[in-house]
$ cat upload12.tsv   # TSV, C-alpha atoms and all ligand atoms
chain	number	residue	atom	x	y	z
A	1	MET	CA	34.86	-19.52	-28.90
A	2	THR	CA	31.39	-18.83	-27.61
A	3	LYS	CA	30.03	-16.68	-30.39
A	4	LEU	CA	26.28	-16.35	-30.66
A	5	THR	CA	24.52	-18.12	-33.50
A	6	PRO	CA	22.42	-16.13	-35.99
A	7	ASP	CA	19.28	-17.42	-34.23
A	8	GLU	CA	20.54	-16.19	-30.87
A	9	ILE	CA	21.42	-12.81	-32.34
A	10	ARG	CA	17.95	-12.49	-33.83
A	11	PHE	CA	16.37	-13.51	-30.54
A	12	PHE	CA	18.32	-10.81	-28.68
A	13	ARG	CA	17.44	-8.23	-31.31
A	14	ASP	CA	13.72	-9.02	-31.27
A	15	GLU	CA	13.15	-9.81	-27.59
A	16	GLY	CA	15.82	-7.60	-25.96
A	17	PHE	CA	17.46	-10.34	-23.90
A	18	LEU	CA	19.17	-13.72	-24.20
A	19	ILE	CA	20.02	-16.39	-21.64
A	20	LYS	CA	23.27	-18.33	-22.08
A	21	ARG	CA	23.38	-21.39	-19.85
A	22	GLY	CA	26.33	-22.50	-17.76
A	23	ILE	CA	28.93	-20.10	-19.11
A	24	MET	CA	30.42	-18.95	-15.79
A	25	ASP	CA	33.26	-20.77	-14.04
A	26	ALA	CA	31.86	-23.17	-11.41
A	27	ASN	CA	34.82	-22.66	-9.04
A	28	LEU	CA	34.32	-18.91	-9.06
A	29	THR	CA	30.55	-19.07	-8.55
A	30	ALA	CA	31.19	-21.42	-5.59
A	31	GLN	CA	33.72	-18.92	-4.21
A	32	ALA	CA	31.17	-16.11	-4.58
A	33	ARG	CA	28.53	-18.11	-2.68
A	34	GLU	CA	31.06	-18.73	0.07
A	35	ARG	CA	32.16	-15.10	0.33
A	36	LEU	CA	28.58	-13.86	0.33
A	37	TRP	CA	27.94	-15.32	3.77
A	38	GLU	CA	30.70	-13.18	5.31
A	39	ASN	CA	28.44	-10.22	4.57
A	40	ALA	CA	25.18	-11.71	5.86
A	41	PRO	CA	22.66	-9.26	7.36
A	42	PRO	CA	22.49	-9.50	11.17
A	43	GLU	CA	19.20	-11.43	11.20
A	44	ILE	CA	20.24	-14.06	8.67
A	45	ASP	CA	21.92	-17.28	9.77
A	46	ARG	CA	23.46	-19.43	7.06
A	47	ASP	CA	22.61	-22.63	8.91
A	48	LYS	CA	18.98	-21.72	9.62
A	49	PRO	CA	17.01	-21.40	6.36
A	50	ASP	CA	13.97	-20.14	8.27
A	51	THR	CA	15.93	-16.94	8.96
A	52	TRP	CA	16.40	-16.38	5.21
A	53	VAL	CA	12.77	-15.40	4.79
A	54	GLY	CA	12.22	-11.64	4.61
A	55	PRO	CA	11.39	-8.97	5.34
A	56	ILE	CA	14.47	-7.93	7.29
A	57	GLN	CA	15.30	-4.66	9.07
A	58	GLU	CA	16.89	-1.91	7.00
A	59	TYR	CA	20.66	-1.68	7.50
A	60	ARG	CA	23.56	0.16	5.90
A	61	GLN	CA	27.17	-0.91	6.36
A	62	LYS	CA	28.90	1.65	4.19
A	63	LYS	CA	27.72	4.83	2.60
A	64	GLY	CA	27.77	5.56	-1.10
A	65	GLU	CA	27.25	3.76	-4.35
A	66	LYS	CA	29.52	0.87	-3.40
A	67	GLY	CA	28.17	0.47	0.12
A	68	ASN	CA	26.53	-2.70	1.37
A	69	ASP	CA	22.98	-2.49	2.55
A	70	GLY	CA	19.73	-4.34	2.81
A	71	GLY	CA	16.21	-4.31	4.10
A	72	GLY	CA	12.83	-5.77	3.25
A	73	TYR	CA	13.58	-8.58	0.81
A	74	GLY	CA	16.85	-7.15	-0.48
A	75	TRP	CA	20.49	-7.77	0.46
A	76	TRP	CA	23.10	-5.95	-1.62
A	77	TYR	CA	26.80	-6.82	-1.23
A	78	ARG	CA	28.38	-4.15	-3.40
A	79	SER	CA	31.85	-3.66	-1.93
A	80	ILE	CA	32.92	-7.09	-3.22
A	81	GLY	CA	32.22	-5.92	-6.79
A	82	SER	CA	35.67	-4.46	-7.47
A	83	GLU	CA	37.65	-7.54	-6.41
A	84	GLU	CA	39.67	-8.88	-9.33
A	85	TRP	CA	38.21	-12.39	-9.25
A	86	MET	CA	34.65	-11.05	-9.25
A	87	VAL	CA	35.42	-9.06	-12.40
A	88	ARG	CA	37.02	-12.19	-13.89
A	89	MET	CA	33.96	-14.26	-12.95
A	90	LEU	CA	31.49	-12.09	-14.85
A	91	VAL	CA	32.26	-9.02	-16.94
A	92	ALA	CA	35.80	-9.95	-18.05
A	93	HIS	CA	35.15	-13.71	-18.31
A	94	PRO	CA	36.26	-14.58	-21.88
A	95	PRO	CA	33.11	-16.44	-22.99
A	96	ILE	CA	30.98	-13.49	-21.82
A	97	TRP	CA	33.34	-10.79	-23.09
A	98	GLU	CA	33.46	-12.44	-26.55
A	99	ILE	CA	29.67	-12.24	-26.82
A	100	VAL	CA	29.67	-8.61	-25.73
A	101	GLU	CA	32.30	-7.67	-28.33
A	102	GLN	CA	30.50	-9.71	-30.97
A	103	MET	CA	27.38	-7.63	-30.45
A	104	LEU	CA	28.84	-4.17	-29.75
A	105	GLY	CA	32.03	-4.33	-31.84
A	106	GLU	CA	35.50	-5.72	-31.20
A	107	GLY	CA	37.70	-3.07	-29.62
A	108	ASP	CA	34.74	-0.70	-29.16
A	109	VAL	CA	33.71	-1.64	-25.61
A	110	VAL	CA	35.22	-0.55	-22.28
A	111	LYS	CA	36.29	-3.62	-20.33
A	112	PRO	CA	34.68	-3.00	-16.92
A	113	ASP	CA	36.86	-2.98	-13.80
A	114	ARG	CA	34.02	-3.83	-11.46
A	115	VAL	CA	30.63	-5.47	-11.24
A	116	ARG	CA	27.69	-3.97	-9.37
A	117	GLY	CA	28.00	-6.61	-6.66
A	118	ILE	CA	26.06	-9.62	-5.44
A	119	TYR	CA	22.36	-8.79	-5.32
A	120	CYS	CA	20.18	-11.10	-3.25
A	121	ARG	CA	16.44	-11.46	-3.11
A	122	LEU	CA	15.17	-13.11	0.04
A	123	PRO	CA	12.31	-15.61	0.09
A	124	GLU	CA	8.99	-13.86	0.59
A	125	GLY	CA	7.33	-16.66	2.57
A	126	ASN	CA	3.59	-16.14	2.80
A	127	ALA	CA	3.70	-12.40	2.13
A	128	PRO	CA	0.87	-11.31	-0.20
A	129	GLY	CA	1.72	-10.92	-3.88
A	130	ARG	CA	2.78	-7.48	-5.01
A	131	PRO	CA	2.27	-5.70	-8.30
A	132	HIS	CA	5.10	-6.22	-10.73
A	133	GLY	CA	6.58	-2.76	-11.22
A	134	CYS	CA	9.15	-2.38	-13.96
A	135	HIS	CA	11.66	0.30	-14.98
A	136	ILE	CA	14.54	0.99	-17.29
A	137	ASP	CA	17.87	1.97	-15.77
A	138	ALA	CA	18.78	5.65	-15.54
A	139	HIS	CA	22.57	5.43	-15.95
A	140	ALA	CA	24.44	5.40	-19.26
A	141	PHE	CA	25.40	1.98	-20.65
A	142	HIS	CA	24.59	-0.25	-23.62
A	143	LEU	CA	24.34	-3.83	-22.42
A	144	GLY	CA	23.73	-5.45	-19.05
A	145	VAL	CA	24.50	-8.92	-17.75
A	146	VAL	CA	22.96	-10.77	-14.82
A	147	GLY	CA	24.82	-13.92	-13.76
A	148	TYR	CA	23.51	-16.42	-11.25
A	149	ILE	CA	25.95	-17.76	-8.66
A	150	ASP	CA	23.35	-20.21	-7.34
A	151	ASP	CA	20.31	-21.98	-8.77
A	152	VAL	CA	17.18	-19.83	-9.18
A	153	GLU	CA	13.91	-21.74	-9.31
A	154	PRO	CA	10.90	-20.53	-11.28
A	155	ASN	CA	9.29	-17.75	-9.21
A	156	GLY	CA	12.49	-17.71	-7.20
A	157	GLY	CA	13.28	-13.99	-7.55
A	158	GLY	CA	14.91	-14.27	-10.98
A	159	PHE	CA	15.56	-11.28	-13.21
A	160	SER	CA	12.21	-10.45	-14.82
A	161	VAL	CA	12.08	-8.86	-18.24
A	162	TRP	CA	9.37	-7.43	-20.45
A	163	PRO	CA	10.24	-8.80	-23.90
A	164	ARG	CA	10.31	-6.33	-26.79
A	165	SER	CA	9.97	-3.29	-24.52
A	166	HIS	CA	13.42	-2.09	-25.69
A	167	HIS	CA	11.92	-1.21	-29.08
A	168	VAL	CA	9.63	1.27	-27.32
A	169	PHE	CA	11.95	2.68	-24.64
A	170	TYR	CA	14.84	3.16	-27.08
A	171	PHE	CA	12.89	5.77	-29.02
A	172	SER	CA	10.92	7.32	-26.14
A	173	ASN	CA	13.90	8.98	-24.43
A	174	LYS	CA	15.44	12.20	-25.74
A	175	ALA	CA	19.00	11.13	-24.95
A	176	ARG	CA	20.38	7.92	-26.39
A	177	ASN	CA	21.69	6.43	-23.17
A	178	LEU	CA	20.11	8.45	-20.36
A	179	ARG	CA	16.59	8.21	-19.01
A	180	ASP	CA	14.19	11.12	-19.00
A	181	ASN	CA	11.47	10.65	-16.42
A	182	SER	CA	8.83	12.16	-18.66
A	183	GLU	CA	5.11	11.65	-18.76
A	184	GLN	CA	5.67	9.42	-21.79
A	185	TYR	CA	8.02	7.22	-19.75
A	186	THR	CA	5.31	6.78	-17.10
A	187	LYS	CA	2.73	5.98	-19.79
A	188	ASN	CA	4.99	3.40	-21.39
A	189	LEU	CA	5.69	1.77	-18.04
A	190	ALA	CA	1.95	1.56	-17.36
A	191	TYR	CA	1.49	-0.18	-20.72
A	192	PHE	CA	4.12	-2.83	-20.02
A	193	GLN	CA	3.20	-3.33	-16.38
A	194	CYS	CA	-0.14	-4.76	-17.55
A	195	ARG	CA	1.78	-7.43	-19.44
A	196	THR	CA	3.34	-10.58	-18.05
A	197	PRO	CA	7.11	-10.52	-17.78
A	198	VAL	CA	9.44	-13.44	-18.50
A	199	ASP	CA	10.94	-14.89	-15.34
A	200	CYS	CA	14.60	-15.61	-16.18
A	201	HIS	CA	15.14	-18.47	-13.76
A	202	GLY	CA	18.12	-20.76	-14.16
A	203	ARG	CA	21.09	-22.52	-12.64
A	204	ALA	CA	24.37	-21.35	-11.17
A	205	GLY	CA	26.54	-20.23	-14.07
A	206	ASP	CA	23.70	-18.98	-16.31
A	207	VAL	CA	23.93	-15.42	-17.65
A	208	VAL	CA	21.16	-13.13	-18.92
A	209	PHE	CA	22.31	-10.56	-21.51
A	210	TRP	CA	19.88	-7.62	-21.74
A	211	HIS	CA	19.57	-4.45	-23.82
A	212	HIS	CA	19.91	-1.23	-21.81
A	213	ARG	CA	16.41	-0.06	-22.76
A	214	LEU	CA	14.64	-3.29	-21.75
A	215	ALA	CA	12.05	-2.92	-18.95
A	216	HIS	CA	12.91	-5.20	-16.05
A	217	SER	CA	12.53	-5.85	-12.35
A	218	VAL	CA	13.22	-8.48	-9.75
A	219	GLY	CA	10.58	-11.17	-9.62
A	220	SER	CA	8.88	-12.30	-6.42
A	221	ASN	CA	10.82	-15.00	-4.61
A	222	ARG	CA	8.40	-17.76	-3.73
A	223	SER	CA	11.15	-20.35	-3.35
A	224	ARG	CA	12.84	-21.31	-0.10
A	225	GLY	CA	16.27	-20.25	-1.34
A	226	ILE	CA	17.93	-16.84	-1.57
A	227	ARG	CA	18.24	-15.54	-5.13
A	228	LYS	CA	21.92	-14.66	-5.62
A	229	ALA	CA	22.88	-12.72	-8.74
A	230	VAL	CA	25.87	-10.70	-9.91
A	231	LEU	CA	25.19	-7.72	-12.14
A	232	GLY	CA	27.46	-5.95	-14.59
A	233	ASP	CA	27.23	-3.29	-17.29
A	234	TYR	CA	29.05	-2.55	-20.53
A	235	ALA	CA	29.37	0.74	-22.38
A	236	LYS	CA	30.98	1.58	-25.69
A	237	LYS	CA	34.18	3.64	-25.53
A	238	ASN	CA	32.51	6.66	-27.10
A	239	ILE	CA	29.54	6.77	-24.73
A	240	GLU	CA	30.58	10.07	-23.09
A	241	ARG	CA	30.32	11.71	-26.48
A	242	THR	CA	27.15	10.00	-27.71
A	243	MET	CA	24.98	9.48	-24.62
A	244	ASN	CA	23.26	12.86	-24.94
A	245	GLU	CA	22.67	12.49	-28.66
A	246	PRO	CA	19.15	11.62	-29.80
A	247	PRO	CA	18.37	7.95	-30.46
A	248	CYS	CA	19.71	6.66	-33.79
A	249	GLU	CA	17.16	6.22	-36.55
A	250	ASP	CA	18.20	2.56	-36.69
A	251	MET	CA	18.40	1.41	-33.06
A	252	TRP	CA	21.10	-1.15	-33.96
A	253	GLU	CA	23.43	1.34	-35.57
A	254	GLU	CA	25.83	1.14	-32.61
A	255	TRP	CA	25.65	-2.68	-32.58
A	256	PRO	CA	27.75	-3.91	-35.52
A	257	GLY	CA	27.05	-7.55	-34.63
A	258	ILE	CA	23.27	-7.16	-34.74
A	259	PRO	CA	21.61	-6.81	-38.12
A	260	SER	CA	18.67	-4.43	-37.95
A	261	ASN	CA	15.25	-5.75	-38.91
A	262	GLY	CA	15.59	-4.64	-42.51
A	263	LYS	CA	18.87	-6.51	-43.00
A	264	PRO	CA	19.17	-10.27	-43.52
B	1	FE	FE	17.29	-1.86	-13.01
$ encode --input "upload12.tsv" --output "structure tokens"
Amino acid sequence: MTKLTPDEIRFFRDEGFLIKRGIMDANLTAQARERLWENAPPEIDRDKPDTWVGPIQEYRQKKGEKGNDGGGYGWWYRSIGSEEWMVRMLVAHPPIWEIVEQMLGEGDVVKPDRVRGIYCRLPEGNAPGRPHGCHIDAHAFHLGVVGYIDDVEPNGGGFSVWPRSHHVFYFSNKARNLRDNSEQYTKNLAYFQCRTPVDCHGRAGDVVFWHHRLAHSVGSNRSRGIRKAVLGDYAKKNIERTMNEPPCEDMWEEWPGIPSNGKP
């Protein structure tokens, strides 16, 4: 059993994210690293780390949401995301699934049949620093996970989060699970963009759990390695019915495993 402790639950509630270390299967993360290279962009040579430094030319291997593409400092291997072992490595992996059900309710969550894919962030070499833009995701879900299949050094392109921003963005959208690109959204982003995010660096096997309304982005990759992450999403079974409803008065109402601030 890998249930979260009360302290971990409170941390997730207050900060909007939680990192669990080393909870993925090491054989599967090794397999994912191996398979990733079959999809390498034309300019990148596995045996020549100097070629890993971006930016790279834009390319598109397949059209559509599940297509593989890349360019600049990004390399997205999406078509691998529906393979059974990839699903088993992340979103259906029992220690991860148990935590998800603990937070969102046992029997209440759709078990995903795919992950978004392997998302890479290439080293940025000596490129000048860029402003840290952030966003919340537009699609309907409740909880996201980012798993690392390789080590991610500090400032190595890790998932960057703006702690506590979920308390603001939860209430600033009209629909509970969709994003309205309103003036208020832009204002809120501007507020958080002036603040320093938390760089969720880690080791292969670490997983970041994050609330769907948490502002996030990819951090700059100042390391020499390629940041390799797998992303997945969870939604409650009733999301089709509730996603257009207004936000709940208590933002944890749909999270039976998370006591709201007023509760012990
Ligand atoms: Fe996002």
$ residues_near_ligand --input "upload12.tsv" --ligand "ligand FE 1 (chain B)" --cutoff "9 Å" --atoms "only C-alpha atoms and all ligand atoms" --output "compact mmCIF listing (two decimals) with C-alpha atoms, in the frame of the given file"
# COMPACT_ATOMS: atom_id res chain seq x y z
CA CYS A 134 9.15 -2.38 -13.96
CA HIS A 135 11.66 0.30 -14.98
CA ILE A 136 14.54 0.99 -17.29
CA ASP A 137 17.87 1.97 -15.77
CA ALA A 138 18.78 5.65 -15.54
CA ALA A 215 12.05 -2.92 -18.95
CA HIS A 216 12.91 -5.20 -16.05
CA SER A 217 12.53 -5.85 -12.35
CA VAL A 218 13.22 -8.48 -9.75
$ residues_around --input "upload12.tsv" --residues "Arg224 (chain A)" --least-positions-apart "5" --cutoff "12 Å" --atoms "only C-alpha atoms" --output "ChimeraX atom specification"
/A:48-54,121-126,151-157
$ closest_residue --input "upload12.tsv" --among "A:Gly257, A:Pro94, A:Gly225, A:Gly70" --to "Arg10 (chain A)" --atoms "all atoms listed in the file"
A:Gly257
$ atom_distance --input "upload12.tsv" --atom1 "CA of Trp85 (chain A)" --atom2 "CA of Gly147 (chain A)"
14.2 Å
$ residues_around --input "upload12.tsv" --residues "Lys174 (chain A)" --least-positions-apart "4" --cutoff "9 Å" --atoms "only C-alpha atoms" --output "PyMOL selection string"
chain A and resi 178-180+244-247
$ closest_residue --input "upload12.tsv" --among "A:Tyr148, A:Phe141, A:Trp162, A:Trp252" --to "Met89 (chain A)" --atoms "all atoms listed in the file"
A:Tyr148
$ closest_residue --input "upload12.tsv" --among "A:Pro128, A:Pro259, A:Gly158, A:Pro55" --to "Val146 (chain A)" --atoms "all atoms listed in the file"
A:Gly158
$ closest_residue --input "upload12.tsv" --among "A:Asn27, A:Ser172, A:Gln184, A:Gln57" --to "Gly205 (chain A)" --atoms "all atoms listed in the file"
A:Asn27
$ axis_aligned_box --input "upload12.tsv" --around "region 73-90 of chain A" --padding-each-side "8 Å" --output "lines of an AutoDock Vina configuration file"
center_x = 26.6
center_y = -9.0
center_z = -7.0
size_x = 42.1
size_y = 26.6
size_z = 31.7
$ closest_residue --input "upload12.tsv" --among "A:Cys200, A:Ala235, A:Ile80, A:Ile96" --to "Glu38 (chain A)" --atoms "all atoms listed in the file"
A:Ile80
$ closest_residue --input "upload12.tsv" --among "A:Leu143, A:Val207, A:Ile149, A:Cys194" --to "Leu28 (chain A)" --atoms "all atoms listed in the file"
A:Ile149
$ residues_around --input "upload12.tsv" --residues "Tyr191 (chain A)" --least-positions-apart "5" --cutoff "10 Å" --atoms "only C-alpha atoms" --output "ChimeraX atom specification"
/A:165,185-186
$ write_last_selection --input "upload12.tsv" --atoms "C-alpha atoms" --output "JSON list (two decimals), keeping the file's coordinate frame"
[["chain", "number", "residue", "atom", "x", "y", "z"],
["A", 165, "SER", "CA", 9.97, -3.29, -24.52],
["A", 185, "TYR", "CA", 8.02, 7.22, -19.75],
["A", 186, "THR", "CA", 5.31, 6.78, -17.10]]
$ atom_distance --input "upload12.tsv" --atom1 "CA of Gly107 (chain A)" --atom2 "CA of His142 (chain A)"
14.7 Å
$ build_atoms --input "upload12.tsv" --residues "region 34-61 of chain A" --atoms "N, CA and C atoms" --output "PDB file, in the coordinates of the input"
ATOM      1  N   GLU A  34      30.369 -18.627  -1.216  1.00  0.00           N
ATOM      2  CA  GLU A  34      31.060 -18.730   0.070  1.00  0.00           C
ATOM      3  C   GLU A  34      31.310 -17.340   0.680  1.00  0.00           C
ATOM      4  N   ARG A  35      31.835 -16.452  -0.148  1.00  0.00           N
ATOM      5  CA  ARG A  35      32.160 -15.100   0.330  1.00  0.00           C
ATOM      6  C   ARG A  35      30.917 -14.308   0.725  1.00  0.00           C
ATOM      7  N   LEU A  36      29.805 -14.603   0.058  1.00  0.00           N
ATOM      8  CA  LEU A  36      28.580 -13.860   0.330  1.00  0.00           C
ATOM      9  C   LEU A  36      28.204 -13.947   1.813  1.00  0.00           C
ATOM     10  N   TRP A  37      28.400 -15.111   2.395  1.00  0.00           N
ATOM     11  CA  TRP A  37      27.940 -15.320   3.770  1.00  0.00           C
ATOM     12  C   TRP A  37      28.738 -14.484   4.776  1.00  0.00           C
ATOM     13  N   GLU A  38      29.932 -14.056   4.410  1.00  0.00           N
ATOM     14  CA  GLU A  38      30.700 -13.180   5.310  1.00  0.00           C
ATOM     15  C   GLU A  38      29.996 -11.846   5.501  1.00  0.00           C
ATOM     16  N   ASN A  39      29.110 -11.516   4.574  1.00  0.00           N
ATOM     17  CA  ASN A  39      28.440 -10.220   4.570  1.00  0.00           C
ATOM     18  C   ASN A  39      26.966 -10.348   5.001  1.00  0.00           C
ATOM     19  N   ALA A  40      26.600 -11.473   5.589  1.00  0.00           N
ATOM     20  CA  ALA A  40      25.180 -11.710   5.860  1.00  0.00           C
ATOM     21  C   ALA A  40      24.581 -10.638   6.774  1.00  0.00           C
ATOM     22  N   PRO A  41      23.347 -10.213   6.467  1.00  0.00           N
ATOM     23  CA  PRO A  41      22.660  -9.260   7.360  1.00  0.00           C
ATOM     24  C   PRO A  41      22.544  -9.870   8.761  1.00  0.00           C
ATOM     25  N   PRO A  42      22.466  -9.009   9.783  1.00  0.00           N
ATOM     26  CA  PRO A  42      22.490  -9.500  11.170  1.00  0.00           C
ATOM     27  C   PRO A  42      21.456 -10.578  11.471  1.00  0.00           C
ATOM     28  N   GLU A  43      20.275 -10.470  10.845  1.00  0.00           N
ATOM     29  CA  GLU A  43      19.200 -11.430  11.200  1.00  0.00           C
ATOM     30  C   GLU A  43      19.323 -12.769  10.486  1.00  0.00           C
ATOM     31  N   ILE A  44      20.226 -12.865   9.507  1.00  0.00           N
ATOM     32  CA  ILE A  44      20.240 -14.060   8.670  1.00  0.00           C
ATOM     33  C   ILE A  44      21.364 -15.020   9.096  1.00  0.00           C
ATOM     34  N   ASP A  45      20.966 -16.259   9.336  1.00  0.00           N
ATOM     35  CA  ASP A  45      21.920 -17.280   9.770  1.00  0.00           C
ATOM     36  C   ASP A  45      22.024 -18.325   8.646  1.00  0.00           C
ATOM     37  N   ARG A  46      23.232 -18.498   8.172  1.00  0.00           N
ATOM     38  CA  ARG A  46      23.460 -19.430   7.060  1.00  0.00           C
ATOM     39  C   ARG A  46      22.894 -20.818   7.340  1.00  0.00           C
ATOM     40  N   ASP A  47      23.006 -21.253   8.573  1.00  0.00           N
ATOM     41  CA  ASP A  47      22.610 -22.630   8.910  1.00  0.00           C
ATOM     42  C   ASP A  47      21.129 -22.771   9.278  1.00  0.00           C
ATOM     43  N   LYS A  48      20.400 -21.655   9.255  1.00  0.00           N
ATOM     44  CA  LYS A  48      18.980 -21.720   9.620  1.00  0.00           C
ATOM     45  C   LYS A  48      18.130 -21.098   8.513  1.00  0.00           C
ATOM     46  N   PRO A  49      17.745 -21.932   7.524  1.00  0.00           N
ATOM     47  CA  PRO A  49      17.010 -21.400   6.360  1.00  0.00           C
ATOM     48  C   PRO A  49      15.752 -20.632   6.720  1.00  0.00           C
ATOM     49  N   ASP A  50      15.169 -20.913   7.893  1.00  0.00           N
ATOM     50  CA  ASP A  50      13.970 -20.140   8.270  1.00  0.00           C
ATOM     51  C   ASP A  50      14.296 -18.659   8.430  1.00  0.00           C
ATOM     52  N   THR A  51      15.550 -18.350   8.770  1.00  0.00           N
ATOM     53  CA  THR A  51      15.930 -16.940   8.960  1.00  0.00           C
ATOM     54  C   THR A  51      16.154 -16.229   7.625  1.00  0.00           C
ATOM     55  N   TRP A  52      16.167 -16.996   6.523  1.00  0.00           N
ATOM     56  CA  TRP A  52      16.400 -16.380   5.210  1.00  0.00           C
ATOM     57  C   TRP A  52      15.159 -15.653   4.694  1.00  0.00           C
ATOM     58  N   VAL A  53      14.025 -15.986   5.265  1.00  0.00           N
ATOM     59  CA  VAL A  53      12.770 -15.400   4.790  1.00  0.00           C
ATOM     60  C   VAL A  53      12.673 -13.940   5.245  1.00  0.00           C
ATOM     61  N   GLY A  54      12.371 -13.050   4.281  1.00  0.00           N
ATOM     62  CA  GLY A  54      12.220 -11.640   4.610  1.00  0.00           C
ATOM     63  C   GLY A  54      10.826 -11.360   5.134  1.00  0.00           C
ATOM     64  N   PRO A  55      10.481 -10.113   5.468  1.00  0.00           N
ATOM     65  CA  PRO A  55      11.390  -8.970   5.340  1.00  0.00           C
ATOM     66  C   PRO A  55      12.367  -8.870   6.506  1.00  0.00           C
ATOM     67  N   ILE A  56      13.485  -8.180   6.242  1.00  0.00           N
ATOM     68  CA  ILE A  56      14.470  -7.930   7.290  1.00  0.00           C
ATOM     69  C   ILE A  56      14.528  -6.415   7.564  1.00  0.00           C
ATOM     70  N   GLN A  57      15.126  -6.081   8.695  1.00  0.00           N
ATOM     71  CA  GLN A  57      15.300  -4.660   9.070  1.00  0.00           C
ATOM     72  C   GLN A  57      16.230  -3.971   8.068  1.00  0.00           C
ATOM     73  N   GLU A  58      15.985  -2.694   7.856  1.00  0.00           N
ATOM     74  CA  GLU A  58      16.890  -1.910   7.000  1.00  0.00           C
ATOM     75  C   GLU A  58      18.243  -1.793   7.696  1.00  0.00           C
ATOM     76  N   TYR A  59      19.330  -1.919   6.938  1.00  0.00           N
ATOM     77  CA  TYR A  59      20.660  -1.680   7.500  1.00  0.00           C
ATOM     78  C   TYR A  59      21.566  -1.130   6.424  1.00  0.00           C
ATOM     79  N   ARG A  60      22.612  -0.447   6.847  1.00  0.00           N
ATOM     80  CA  ARG A  60      23.560   0.160   5.900  1.00  0.00           C
ATOM     81  C   ARG A  60      24.952   0.032   6.501  1.00  0.00           C
ATOM     82  N   GLN A  61      25.823  -0.693   5.810  1.00  0.00           N
ATOM     83  CA  GLN A  61      27.170  -0.910   6.360  1.00  0.00           C
ATOM     84  C   GLN A  61      28.158   0.157   5.922  1.00  0.00           C
TER      85      GLN A  61
END
